[in-house]
>>> print(open('upload-v2.cif').read())   # mmCIF, C-alpha atoms
data_upload
loop_
_atom_site.label_atom_id
_atom_site.label_comp_id
_atom_site.auth_asym_id
_atom_site.auth_seq_id
_atom_site.Cartn_x
_atom_site.Cartn_y
_atom_site.Cartn_z
CA MET M 184 -6.12 76.88 12.47
CA LEU M 185 -4.31 74.25 10.41
CA ASP M 186 -5.68 73.13 7.07
CA PRO M 187 -7.51 69.73 7.41
CA SER M 188 -5.43 68.28 4.58
CA ILE M 189 -2.21 69.08 6.47
CA VAL M 190 -3.60 67.48 9.63
CA LEU M 191 -4.58 64.36 7.66
CA GLU M 192 -1.16 64.17 6.03
CA ARG M 193 0.59 64.42 9.40
CA ARG M 194 -1.69 61.72 10.85
CA LEU M 195 -0.98 59.35 7.96
CA LYS M 196 2.76 59.87 8.47
CA GLN M 197 2.37 59.06 12.19
CA ILE M 198 0.40 55.90 11.41
CA SER M 199 2.97 54.86 8.81
CA ALA M 200 5.85 55.44 11.23
CA THR M 201 4.01 53.51 13.97
CA ARG M 202 3.42 50.56 11.66
CA GLN M 203 7.06 50.46 10.63
CA THR M 204 8.15 50.58 14.27
CA ASN M 205 5.59 48.09 15.63
CA ALA M 206 5.50 45.62 12.76
CA ALA M 207 9.17 45.29 11.89
CA GLY M 208 12.28 43.74 13.34
CA ARG M 209 15.78 42.69 12.32
CA VAL M 210 17.29 39.24 11.91
CA ARG M 211 19.76 38.52 14.72
CA ARG M 212 20.29 34.74 14.38
CA PHE M 213 19.66 32.16 11.70
CA ASP M 214 20.01 28.41 12.40
CA GLY M 215 18.73 26.13 9.66
CA GLN M 216 15.09 27.13 9.26
CA ILE M 217 14.84 28.84 12.66
CA VAL M 218 15.15 32.63 12.61
CA HIS M 219 15.63 34.79 15.71
CA ALA M 220 14.69 38.43 15.18
CA SER M 221 14.81 41.47 17.43
CA SER M 222 11.63 41.61 19.47
CA PHE M 223 8.60 43.20 17.79
CA PRO M 224 4.86 42.96 18.50
CA ALA M 225 3.55 39.89 16.68
CA ALA M 226 1.35 37.13 18.02
CA VAL M 227 2.18 33.45 17.58
CA GLY M 228 0.86 32.38 14.18
CA THR M 229 1.55 35.71 12.48
CA GLU M 230 2.89 35.39 8.95
CA CYS M 231 5.98 37.48 8.21
CA ARG M 232 8.34 38.17 5.37
CA ILE M 233 12.13 38.58 5.62
CA ALA M 234 14.27 40.51 3.18
CA CYS M 235 16.75 38.25 1.38
CA ASP M 236 20.28 39.07 0.36
CA GLY M 237 20.20 40.29 -3.24
CA GLY M 238 16.50 41.11 -3.26
CA GLY M 239 13.26 39.23 -2.78
CA TRP M 240 11.52 38.05 0.36
CA ALA M 241 11.31 34.82 2.33
CA ASP M 242 8.11 33.80 4.13
CA ALA M 243 8.16 32.83 7.81
CA GLU M 244 5.77 32.33 10.71
CA VAL M 245 6.10 33.35 14.35
CA ILE M 246 6.22 30.30 16.62
CA GLY M 247 7.12 31.87 19.96
CA PHE M 248 9.49 34.03 21.95
CA LEU M 249 12.83 33.26 23.59
CA ASP M 250 14.68 35.74 25.80
CA ASN M 251 14.43 39.04 23.90
CA TYR M 252 13.92 37.46 20.50
CA THR M 253 10.90 36.71 18.33
CA VAL M 254 11.38 33.18 17.01
CA MET M 255 10.18 32.32 13.51
CA VAL M 256 10.38 29.36 11.14
CA LEU M 257 10.87 29.75 7.40
CA THR M 258 7.91 28.43 5.41
CA SER M 259 9.31 29.07 1.92
CA GLY M 260 12.33 26.78 2.08
CA ASN M 261 15.96 27.83 2.25
CA ALA M 262 16.65 31.52 1.75
CA PRO M 263 19.82 33.69 1.56
CA LEU M 264 19.35 35.63 4.80
CA VAL M 265 21.87 37.95 6.39
CA ALA M 266 22.15 39.42 9.87
CA GLY M 267 20.18 42.63 10.20
CA ALA M 268 17.73 41.74 7.41
CA ARG M 269 14.38 43.47 7.77
CA VAL M 270 11.40 41.48 9.07
CA GLU M 271 7.85 42.65 8.34
CA THR M 272 4.52 41.24 9.50
CA LYS M 273 1.92 40.24 6.93
CA THR M 274 -1.25 38.61 8.25
CA ARG M 275 -2.52 36.30 10.97
CA ALA M 276 -2.87 32.68 9.91
CA ASP M 277 -5.45 31.68 12.52
CA VAL M 278 -8.46 31.27 10.17
CA VAL M 279 -8.93 29.29 6.96
CA PRO M 280 -11.40 29.90 4.10
CA VAL M 281 -13.93 27.07 3.79
CA GLY M 282 -16.82 26.12 1.53
CA GLU M 283 -18.15 23.56 -0.95
CA GLY M 284 -15.48 24.61 -3.45
CA LEU M 285 -12.92 22.59 -1.46
CA LEU M 286 -14.39 19.26 -2.61
CA GLY M 287 -12.39 17.36 -5.19
CA ARG M 288 -9.31 19.55 -4.71
CA VAL M 289 -5.72 19.17 -3.43
CA PHE M 290 -4.06 21.87 -1.30
CA ASP M 291 -0.79 22.47 0.49
CA GLY M 292 -0.36 23.46 4.13
CA ALA M 293 -0.93 27.15 3.34
CA GLY M 294 -4.14 26.46 1.41
CA ASN M 295 -2.64 26.94 -2.07
CA PRO M 296 -3.95 24.59 -4.80
CA LEU M 297 -1.55 21.83 -5.85
CA ASP M 298 -3.71 20.42 -8.66
CA GLY M 299 -3.00 23.16 -11.22
CA GLN M 300 -6.47 24.68 -10.96
CA ASP M 301 -7.46 28.17 -9.86
CA ALA M 302 -8.07 28.83 -6.18
CA PRO M 303 -11.73 28.12 -5.27
CA GLN M 304 -14.11 30.91 -4.30
CA LEU M 305 -14.74 30.34 -0.59
CA LEU M 306 -17.19 32.60 1.24
CA HIS M 307 -16.82 31.31 4.81
CA GLN M 308 -14.06 31.06 7.40
CA TRP M 309 -13.24 28.62 10.17
CA PRO M 310 -10.69 28.84 13.04
CA LEU M 311 -7.52 27.02 12.05
CA ARG M 312 -7.18 25.39 15.48
CA GLY M 313 -10.90 24.81 15.90
CA GLU M 314 -13.37 25.78 18.59
CA ARG M 315 -13.51 24.17 22.00
CA VAL M 316 -16.66 22.03 22.22
CA ASN M 317 -18.64 21.37 25.38
CA PRO M 318 -18.07 17.64 26.12
CA LEU M 319 -21.80 17.26 26.82
CA ARG M 320 -22.42 18.02 23.14
CA ARG M 321 -20.57 14.86 22.22
CA LYS M 322 -23.09 12.14 21.43
CA PRO M 323 -22.12 8.52 22.12
CA VAL M 324 -21.09 6.42 19.13
CA ARG M 325 -23.99 4.19 18.14
CA GLN M 326 -24.00 3.90 14.31
CA THR M 327 -21.61 1.87 12.20
CA LEU M 328 -19.54 3.44 9.44
CA ASP M 329 -19.02 1.23 6.42
CA VAL M 330 -15.35 1.62 5.42
CA GLY M 331 -15.38 -1.01 2.67
CA VAL M 332 -12.68 -3.20 4.27
CA ARG M 333 -13.95 -6.62 5.40
CA ALA M 334 -11.63 -7.10 8.38
CA LEU M 335 -12.55 -3.66 9.75
CA ASN M 336 -16.26 -3.92 9.03
CA GLY M 337 -16.64 -7.40 10.44
CA LEU M 338 -14.02 -7.74 13.18
CA LEU M 339 -13.13 -4.17 14.23
CA THR M 340 -16.29 -2.27 13.36
CA VAL M 341 -15.78 1.49 13.09
CA GLY M 342 -18.54 3.74 14.44
CA ARG M 343 -19.49 7.19 13.17
CA GLY M 344 -17.58 9.71 15.25
CA GLN M 345 -15.00 7.20 16.48
CA LYS M 346 -11.27 7.99 16.67
CA ILE M 347 -9.11 5.06 15.64
CA GLY M 348 -5.39 4.63 15.01
CA ILE M 349 -3.54 2.45 12.51
CA ILE M 350 -0.27 1.44 14.18
CA ALA M 351 2.58 -0.17 12.25
CA GLY M 352 6.22 0.03 11.30
CA SER M 353 7.38 1.41 7.99
CA GLY M 354 6.45 -0.39 4.77
CA VAL M 355 3.72 -2.63 6.20
CA GLY M 356 0.78 -1.14 4.26
CA LYS M 357 -0.63 1.79 6.23
CA SER M 358 -1.03 4.03 3.20
CA SER M 359 -2.53 1.23 1.08
CA LEU M 360 -5.13 0.55 3.77
CA LEU M 361 -5.95 4.27 3.94
CA SER M 362 -6.38 4.35 0.18
CA CYS M 363 -8.92 1.50 0.33
CA ILE M 364 -10.87 3.22 3.09
CA ALA M 365 -10.87 6.55 1.23
CA ARG M 366 -12.26 4.99 -1.94
CA TYR M 367 -14.85 2.65 -0.45
CA THR M 368 -16.23 4.39 2.65
CA GLU M 369 -19.83 5.55 2.82
CA ALA M 370 -18.90 8.89 4.43
CA GLU M 371 -20.34 11.99 2.74
CA VAL M 372 -17.05 13.91 2.84
CA VAL M 373 -13.55 12.43 3.00
CA ILE M 374 -10.64 14.65 4.09
CA ILE M 375 -7.10 13.31 3.82
CA GLY M 376 -4.09 14.93 5.47
CA LEU M 377 -0.81 13.61 4.04
CA ILE M 378 1.63 15.11 6.54
CA GLY M 379 5.39 14.59 6.33
CA GLU M 380 5.23 11.75 3.81
CA ARG M 381 7.45 11.20 0.77
CA GLY M 382 6.63 13.39 -2.23
CA ARG M 383 6.51 10.34 -4.50
CA GLU M 384 4.03 8.65 -2.21
CA VAL M 385 1.84 11.77 -2.08
CA ALA M 386 1.73 11.96 -5.89
CA GLY M 387 0.88 8.26 -6.22
CA PHE M 388 -1.80 8.44 -3.52
CA VAL M 389 -3.53 11.43 -5.13
CA GLU M 390 -3.29 9.96 -8.64
CA GLU M 391 -4.93 6.75 -7.44
CA LEU M 392 -7.75 8.66 -5.76
CA GLN M 393 -8.40 10.83 -8.81
CA GLN M 394 -9.27 7.74 -10.84
CA HIS M 395 -12.12 6.83 -8.49
CA PRO M 396 -15.61 8.47 -8.43
CA SER M 397 -15.26 9.12 -4.69
CA PHE M 398 -12.66 11.82 -5.44
CA ALA M 399 -15.51 14.28 -6.12
CA HIS M 400 -16.27 14.45 -2.38
CA THR M 401 -12.65 14.19 -1.21
CA ILE M 402 -10.36 16.99 0.00
CA THR M 403 -6.61 16.37 0.20
CA VAL M 404 -4.10 18.44 2.15
CA ALA M 405 -0.56 17.38 1.27
CA VAL M 406 2.57 18.63 3.03
CA PRO M 407 5.58 16.44 2.09
CA ALA M 408 8.57 15.80 4.34
CA ASP M 409 10.69 18.49 2.70
CA GLN M 410 8.37 21.26 3.91
CA SER M 411 9.00 23.26 7.08
CA PRO M 412 7.65 21.94 10.41
CA VAL M 413 5.29 24.93 10.61
CA LEU M 414 3.65 23.98 7.31
CA ARG M 415 3.37 20.36 8.40
CA LEU M 416 1.53 21.40 11.55
CA ARG M 417 -0.58 23.89 9.64
CA GLY M 418 -1.51 21.14 7.17
CA LEU M 419 -2.81 18.99 10.03
CA HIS M 420 -4.83 21.84 11.52
CA ARG M 421 -6.13 22.86 8.09
CA ALA M 422 -7.40 19.37 7.30
CA THR M 423 -9.07 19.17 10.72
CA ALA M 424 -10.61 22.64 10.29
CA TYR M 425 -12.10 21.56 6.95
CA ALA M 426 -13.60 18.52 8.69
CA GLU M 427 -15.06 20.67 11.48
CA TYR M 428 -16.70 22.99 8.97
CA PHE M 429 -18.49 20.17 7.15
CA ARG M 430 -19.48 18.60 10.47
CA SER M 431 -21.09 21.93 11.44
CA LYS M 432 -23.22 21.51 8.28
CA GLY M 433 -24.49 18.15 9.55
CA LYS M 434 -22.25 16.06 7.29
CA ASN M 435 -20.82 12.65 8.07
CA VAL M 436 -17.07 13.29 7.62
CA LEU M 437 -14.17 10.85 7.50
CA LEU M 438 -10.86 12.52 8.44
CA MET M 439 -7.68 10.53 7.73
CA VAL M 440 -4.23 11.74 8.77
CA ASP M 441 -1.02 10.05 7.59
CA SER M 442 0.84 10.27 9.82
CA LEU M 443 0.45 11.44 13.41
CA THR M 444 4.09 10.54 14.07
CA ARG M 445 5.34 13.00 11.44
CA VAL M 446 3.19 15.66 13.10
CA ALA M 447 4.86 14.86 16.43
CA HIS M 448 8.28 15.17 14.77
CA ALA M 449 7.35 18.63 13.46
CA GLN M 450 6.22 19.78 16.90
CA ARG M 451 9.41 18.36 18.40
CA GLU M 452 11.49 20.52 16.05
CA LEU M 453 9.60 23.65 17.08
CA GLY M 454 9.59 22.80 20.79
CA LEU M 455 13.33 22.22 20.91
CA ALA M 456 13.92 25.44 18.96
CA LEU M 457 11.99 27.32 21.65
CA GLY M 458 14.09 25.83 24.43
CA GLU M 459 11.75 23.10 25.69
CA HIS M 460 13.47 20.30 27.56
CA PRO M 461 13.27 16.93 25.81
CA THR M 462 11.74 14.03 27.74
CA THR M 463 11.07 10.48 26.53
CA LYS M 464 12.90 9.78 23.25
CA GLY M 465 13.57 13.48 22.82
CA TYR M 466 9.93 14.60 22.68
CA PRO M 467 9.19 17.81 24.62
CA PRO M 468 5.94 18.16 26.64
CA SER M 469 4.25 20.23 23.90
CA VAL M 470 4.12 17.13 21.67
CA ILE M 471 1.93 15.24 24.14
CA SER M 472 -0.32 18.29 24.53
CA LEU M 473 -0.65 18.67 20.75
CA ILE M 474 -1.70 15.04 20.22
CA GLY M 475 -4.46 15.32 22.83
CA SER M 476 -5.83 18.60 21.47
CA VAL M 477 -5.84 17.37 17.86
CA LEU M 478 -7.49 14.02 18.52
CA GLU M 479 -10.23 15.59 20.62
CA ARG M 480 -11.37 17.69 17.66
CA ALA M 481 -12.93 14.61 16.06
CA GLY M 482 -16.23 13.10 17.22
CA LEU M 483 -19.99 13.58 17.04
CA ASP M 484 -21.80 16.91 17.44
CA ALA M 485 -25.20 16.58 19.06
CA LYS M 486 -26.18 20.12 18.02
CA THR M 487 -25.74 19.70 14.25
CA GLY M 488 -25.99 15.91 13.97
CA GLY M 489 -22.71 15.85 12.06
CA SER M 490 -19.72 13.67 12.82
CA ILE M 491 -15.98 13.42 12.27
CA THR M 492 -14.64 9.88 12.22
CA GLY M 493 -10.89 10.17 12.69
CA VAL M 494 -8.40 7.63 11.32
CA TYR M 495 -4.78 8.39 12.24
CA THR M 496 -1.74 6.38 11.20
CA ILE M 497 1.05 6.06 13.77
CA LEU M 498 4.55 4.94 12.82
CA ALA M 499 6.01 2.57 15.39
CA ASP M 500 9.80 2.89 15.31
CA GLY M 501 11.38 -0.51 14.92
CA ASP M 502 7.91 -2.13 14.95
CA ASP M 503 7.77 -1.40 18.69
CA THR M 504 4.10 -0.86 19.49
CA THR M 505 4.49 -0.95 23.28
CA ASN M 506 7.30 1.44 24.26
CA ASP M 507 6.93 4.26 21.74
CA PRO M 508 5.70 7.45 23.52
CA ILE M 509 3.61 8.61 20.53
CA VAL M 510 1.95 5.21 20.22
CA ASP M 511 1.23 5.09 23.97
CA THR M 512 -0.15 8.64 24.10
CA ALA M 513 -2.38 8.23 21.06
CA ARG M 514 -3.63 4.80 22.10
CA ALA M 515 -4.73 6.20 25.48
CA ILE M 516 -6.87 8.88 23.78
CA LEU M 517 -8.17 6.98 20.76
CA ASP M 518 -11.34 4.86 20.75
CA GLY M 519 -9.51 1.92 19.25
CA HIS M 520 -6.43 0.90 17.29
CA VAL M 521 -5.56 -1.37 14.37
CA VAL M 522 -2.12 -3.00 14.50
CA LEU M 523 -0.52 -4.05 11.21
CA SER M 524 1.81 -7.04 11.47
CA ARG M 525 5.06 -7.23 9.52
CA LYS M 526 4.97 -11.01 9.93
CA GLN M 527 1.61 -11.20 8.16
CA ALA M 528 2.80 -8.83 5.45
CA GLU M 529 5.81 -11.09 4.83
CA GLN M 530 3.36 -14.01 4.44
CA GLY M 531 1.44 -12.07 1.76
CA ILE M 532 -1.60 -11.36 3.93
CA PHE M 533 -2.94 -7.91 3.00
CA PRO M 534 -4.22 -5.90 4.70
CA ALA M 535 -1.81 -7.21 7.34
CA ILE M 536 -4.19 -6.62 10.26
CA ASP M 537 -3.27 -8.37 13.49
CA VAL M 538 -6.80 -8.96 14.71
CA ASN M 539 -5.91 -10.14 18.21
CA ALA M 540 -3.64 -7.14 18.84
CA SER M 541 -6.30 -4.69 17.62
CA ILE M 542 -9.47 -3.39 19.24
CA SER M 543 -12.46 -1.14 18.56
CA ARG M 544 -13.78 0.18 21.86
CA THR M 545 -17.08 1.40 20.39
CA MET M 546 -17.88 -1.80 18.51
CA THR M 547 -20.06 -3.29 21.25
CA ASP M 548 -22.41 -0.29 20.99
CA CYS M 549 -22.66 -0.49 17.18
CA VAL M 550 -23.31 -4.17 16.37
CA SER M 551 -25.62 -6.92 17.59
CA GLN M 552 -24.78 -9.31 20.40
CA GLN M 553 -24.69 -12.25 17.95
CA HIS M 554 -22.12 -10.37 15.85
CA MET M 555 -19.94 -9.81 18.90
CA LEU M 556 -20.12 -13.51 19.86
CA ARG M 557 -18.92 -14.50 16.37
CA VAL M 558 -16.04 -12.01 16.59
CA ARG M 559 -14.99 -13.48 19.95
CA ARG M 560 -15.01 -16.99 18.46
CA PHE M 561 -13.00 -15.75 15.48
CA ARG M 562 -10.39 -14.26 17.79
CA ARG M 563 -10.33 -17.40 19.93
CA TYR M 564 -9.74 -19.77 17.00
CA LEU M 565 -7.10 -17.49 15.49
CA SER M 566 -5.29 -17.23 18.82
CA LEU M 567 -5.37 -21.00 19.39
CA TRP M 568 -3.88 -21.64 15.95
CA GLU M 569 -1.08 -19.10 16.48
CA GLN M 570 -0.21 -20.47 19.94
CA ASN M 571 -0.13 -24.13 18.89
CA ARG M 572 1.15 -23.88 15.33
CA ASP M 573 4.73 -24.95 16.18
CA LEU M 574 3.45 -27.82 18.34
CA MET M 575 1.36 -29.13 15.45
CA MET M 576 4.21 -28.77 12.94
CA LEU M 577 6.57 -30.75 15.21
CA GLY M 578 4.04 -33.55 15.58
CA GLY M 579 3.50 -32.97 19.28
CA TYR M 580 -0.29 -32.89 18.94
CA GLN M 581 -2.61 -35.60 17.67
CA THR M 582 -5.95 -34.69 16.14
CA GLY M 583 -8.88 -35.51 18.42
CA GLN M 584 -7.29 -34.54 21.73
CA ASP M 585 -8.93 -31.09 21.84
CA PRO M 586 -12.07 -30.44 19.73
CA GLU M 587 -11.67 -26.65 19.97
CA LEU M 588 -8.07 -26.80 18.80
CA ASP M 589 -9.08 -29.16 15.99
CA MET M 590 -11.69 -26.63 14.88
CA ALA M 591 -9.10 -23.82 14.99
CA PHE M 592 -6.75 -25.70 12.64
CA GLN M 593 -9.61 -26.68 10.39
CA LEU M 594 -10.87 -23.09 10.05
CA GLN M 595 -7.47 -21.39 9.84
CA PRO M 596 -7.43 -21.02 6.01
CA GLN M 597 -10.94 -19.52 6.07
CA LEU M 598 -10.00 -17.16 8.91
CA VAL M 599 -7.00 -15.84 6.97
CA GLY M 600 -9.13 -15.67 3.83
CA TYR M 601 -11.62 -13.48 5.68
CA ILE M 602 -8.88 -10.99 6.59
CA GLN M 603 -7.34 -10.91 3.12
CA GLN M 604 -8.78 -8.47 0.60
CA GLY M 605 -7.59 -7.11 -2.73
CA MET M 606 -6.85 -3.41 -3.22
CA ASN M 607 -9.60 -3.11 -5.85
CA GLU M 608 -12.14 -5.17 -3.92
CA ARG M 609 -14.88 -3.60 -1.83
CA SER M 610 -16.69 -5.43 0.95
CA THR M 611 -19.69 -3.61 2.42
CA PHE M 612 -20.67 -3.94 6.05
CA VAL M 613 -23.66 -6.14 5.14
CA GLU M 614 -21.47 -8.44 3.03
CA SER M 615 -18.79 -8.59 5.74
CA GLU M 616 -21.34 -9.51 8.41
CA ALA M 617 -22.97 -12.14 6.19
CA ARG M 618 -19.63 -13.80 5.38
CA LEU M 619 -18.69 -13.86 9.08
CA GLN M 620 -22.03 -15.49 9.84
CA SER M 621 -21.51 -18.17 7.17
CA LEU M 622 -18.00 -18.82 8.50
CA LEU M 623 -19.09 -19.06 12.15
CA PRO M 624 -22.84 -19.84 12.25
#
>>> encode(input="upload-v2.cif", output="structure tokens")
Amino acid sequence: MLDPSIVLERRLKQISATRQTNAAGRVRRFDGQIVHASSFPAAVGTECRIACDGGGWADAEVIGFLDNYTVMVLTSGNAPLVAGARVETKTRADVVPVGEGLLGRVFDGAGNPLDGQDAPQLLHQWPLRGERVNPLRRKPVRQTLDVGVRALNGLLTVGRGQKIGIIAGSGVGKSSLLSCIARYTEAEVVIIGLIGERGREVAGFVEELQQHPSFAHTITVAVPADQSPVLRLRGLHRATAYAEYFRSKGKNVLLMVDSLTRVAHAQRELGLALGEHPTTKGYPPSVISLIGSVLERAGLDAKTGGSITGVYTILADGDDTTNDPIVDTARAILDGHVVLSRKQAEQGIFPAIDVNASISRTMTDCVSQQHMLRVRRFRRYLSLWEQNRDLMMLGGYQTGQDPELDMAFQLQPQLVGYIQQGMNERSTFVESEARLQSLLP
């Protein structure tokens, strides 16, 4: 009979050999940040490390399989890889640590602190890609959410649990509007996902938030444009997972993502690397699927009473808000959209909200009938002024011919004044409603 210690030693050697065989591969191809390795058992989402030329390791994540290869994306930037380099699995990245220690902190896509502080002690976990919720657990949106911006509170009222998009071209004020909402909203927890934005803009955004008392209940996940597409997607899912955790605790959460377009670009990179066929404007089908699954994670939870109000910015290429596939897909799923006008921005109207091109589909269930009637009159007068402005300037219209048009031109300065608001000015929902009532009794 063999000695038990010898049997144990042999068993440990077998286990060690099995692990090396099952959890390791070799680099066969390396294109940019995409690494093809010889096939080895590893699920999508598994974190790996790859031996670098000259020593050290590069981090990567499995994104799929193509032919006989395991396809990975580097998550640690550029690395000196060589053909035949060893690939080893580390851990699965399908859960994230969560807890109250997240509040007031800034993290990257992998959950590492970016604010120079120690990592928080988090005792709970949450699925990175969320849990599928029975649609019958989704309560209808009935309560208003005060976001502190007069044009949104009064004319495009946001409801708790609503999903709304901010659509605009580049440089029209999307991030500035998000900053105002983050500082002045009445939500109990604010979670901000800065995905694929400029590093300078991320630093400025966070610095501005840190100077406001609301930062104590804010969580920021920042993944700049120079990070790998895997980290950009993981940053989006991480921010949403944080929001889902606090919603499960009955909290009223505001989730803001800037921007959904950069997320789509990241998924496009991965989809094309896996051999997906591009469709409209080069986006593969997985991009459309991703947008739907992400947006549906927001909303109300009838079981816990918590809510996630989602605000997503969408970059319209060339200011085209009608033919962009990401804009069209998101607009079909969202409960409303806010369009920012470059023309108004050029006129110095900030926030540059195009009221007549924007809509909140849940507003009618959140405000009184009298409020809705005033909003319709506001839109009507603003539309009349815009349609007949050139006619008036050319002298083709004489005052007194149309009383409604006369009223539109008389009220136009007050209508624009209602939309305009300073960056450091807060307008509560009660104040916004009262000012609308005084403007249009």
>>> resolve_selection(input="upload-v2.cif", expression="the PyMOL selection byres ((chain M and resi 449-454) around 9)", output="list in words")
Ile217, Ile246, Val256, Gly379, Ser411, Pro412, Val413, Leu414, Arg415, Leu416, Thr444, Arg445, Val446, Ala447, His448, Leu455, Ala456, Leu457, Gly458, Glu459, His460, Pro461, Gly465, Tyr466, Pro467, Pro468, Ser469, Val470 and Leu473 of chain M
>>> closest_residue(input="upload-v2.cif", among="M:Met546, M:Ile509, M:Val494, M:Ala422", to="Val281 (chain M)", atoms="all atoms listed in the file")
M:Ala422
>>> closest_residue(input="upload-v2.cif", among="M:Leu556, M:Val522, M:Val538, M:Ile375", to="Val355 (chain M)", atoms="only C-alpha atoms")
M:Val522
>>> closest_residue(input="upload-v2.cif", among="M:Gln603, M:Ser221, M:Ser615, M:Thr258", to="Arg417 (chain M)", atoms="only C-alpha atoms")
M:Thr258
>>> closest_residue(input="upload-v2.cif", among="M:Lys464, M:Arg562, M:Arg325, M:Arg275", to="Leu594 (chain M)", atoms="only C-alpha atoms")
M:Arg562
>>> atom_distance(input="upload-v2.cif", atom1="CA of His219 (chain M)", atom2="CA of Phe248 (chain M)")
8.8 Å
>>> closest_residue(input="upload-v2.cif", among="M:Ala268, M:Asp589, M:Asp250, M:Ile542", to="Ala334 (chain M)", atoms="all atoms listed in the file")
M:Ile542
>>> closest_residue(input="upload-v2.cif", among="M:Arg618, M:Lys357, M:Lys322, M:Arg572", to="Asp484 (chain M)", atoms="only C-alpha atoms")
M:Lys322
>>> atom_distance(input="upload-v2.cif", atom1="CA of Gly238 (chain M)", atom2="CA of Phe223 (chain M)")
22.6 Å
>>> resolve_selection(input="upload-v2.cif", expression="the PyMOL selection byres ((chain M and resi 261) around 10)", output="ChimeraX atom specification")
/M:215-216,241,257-260,262-264,411
>>> atom_distance(input="upload-v2.cif", atom1="CA of Tyr564 (chain M)", atom2="CA of Leu623 (chain M)")
10.6 Å
>>> residues_near_point(input="upload-v2.cif", point="(-30.6, 18.0, 22.2)", cutoff="10 Å", atoms="all atoms listed in the file", output="VMD selection string")
chain M and resid 319 to 320 322 485 to 488
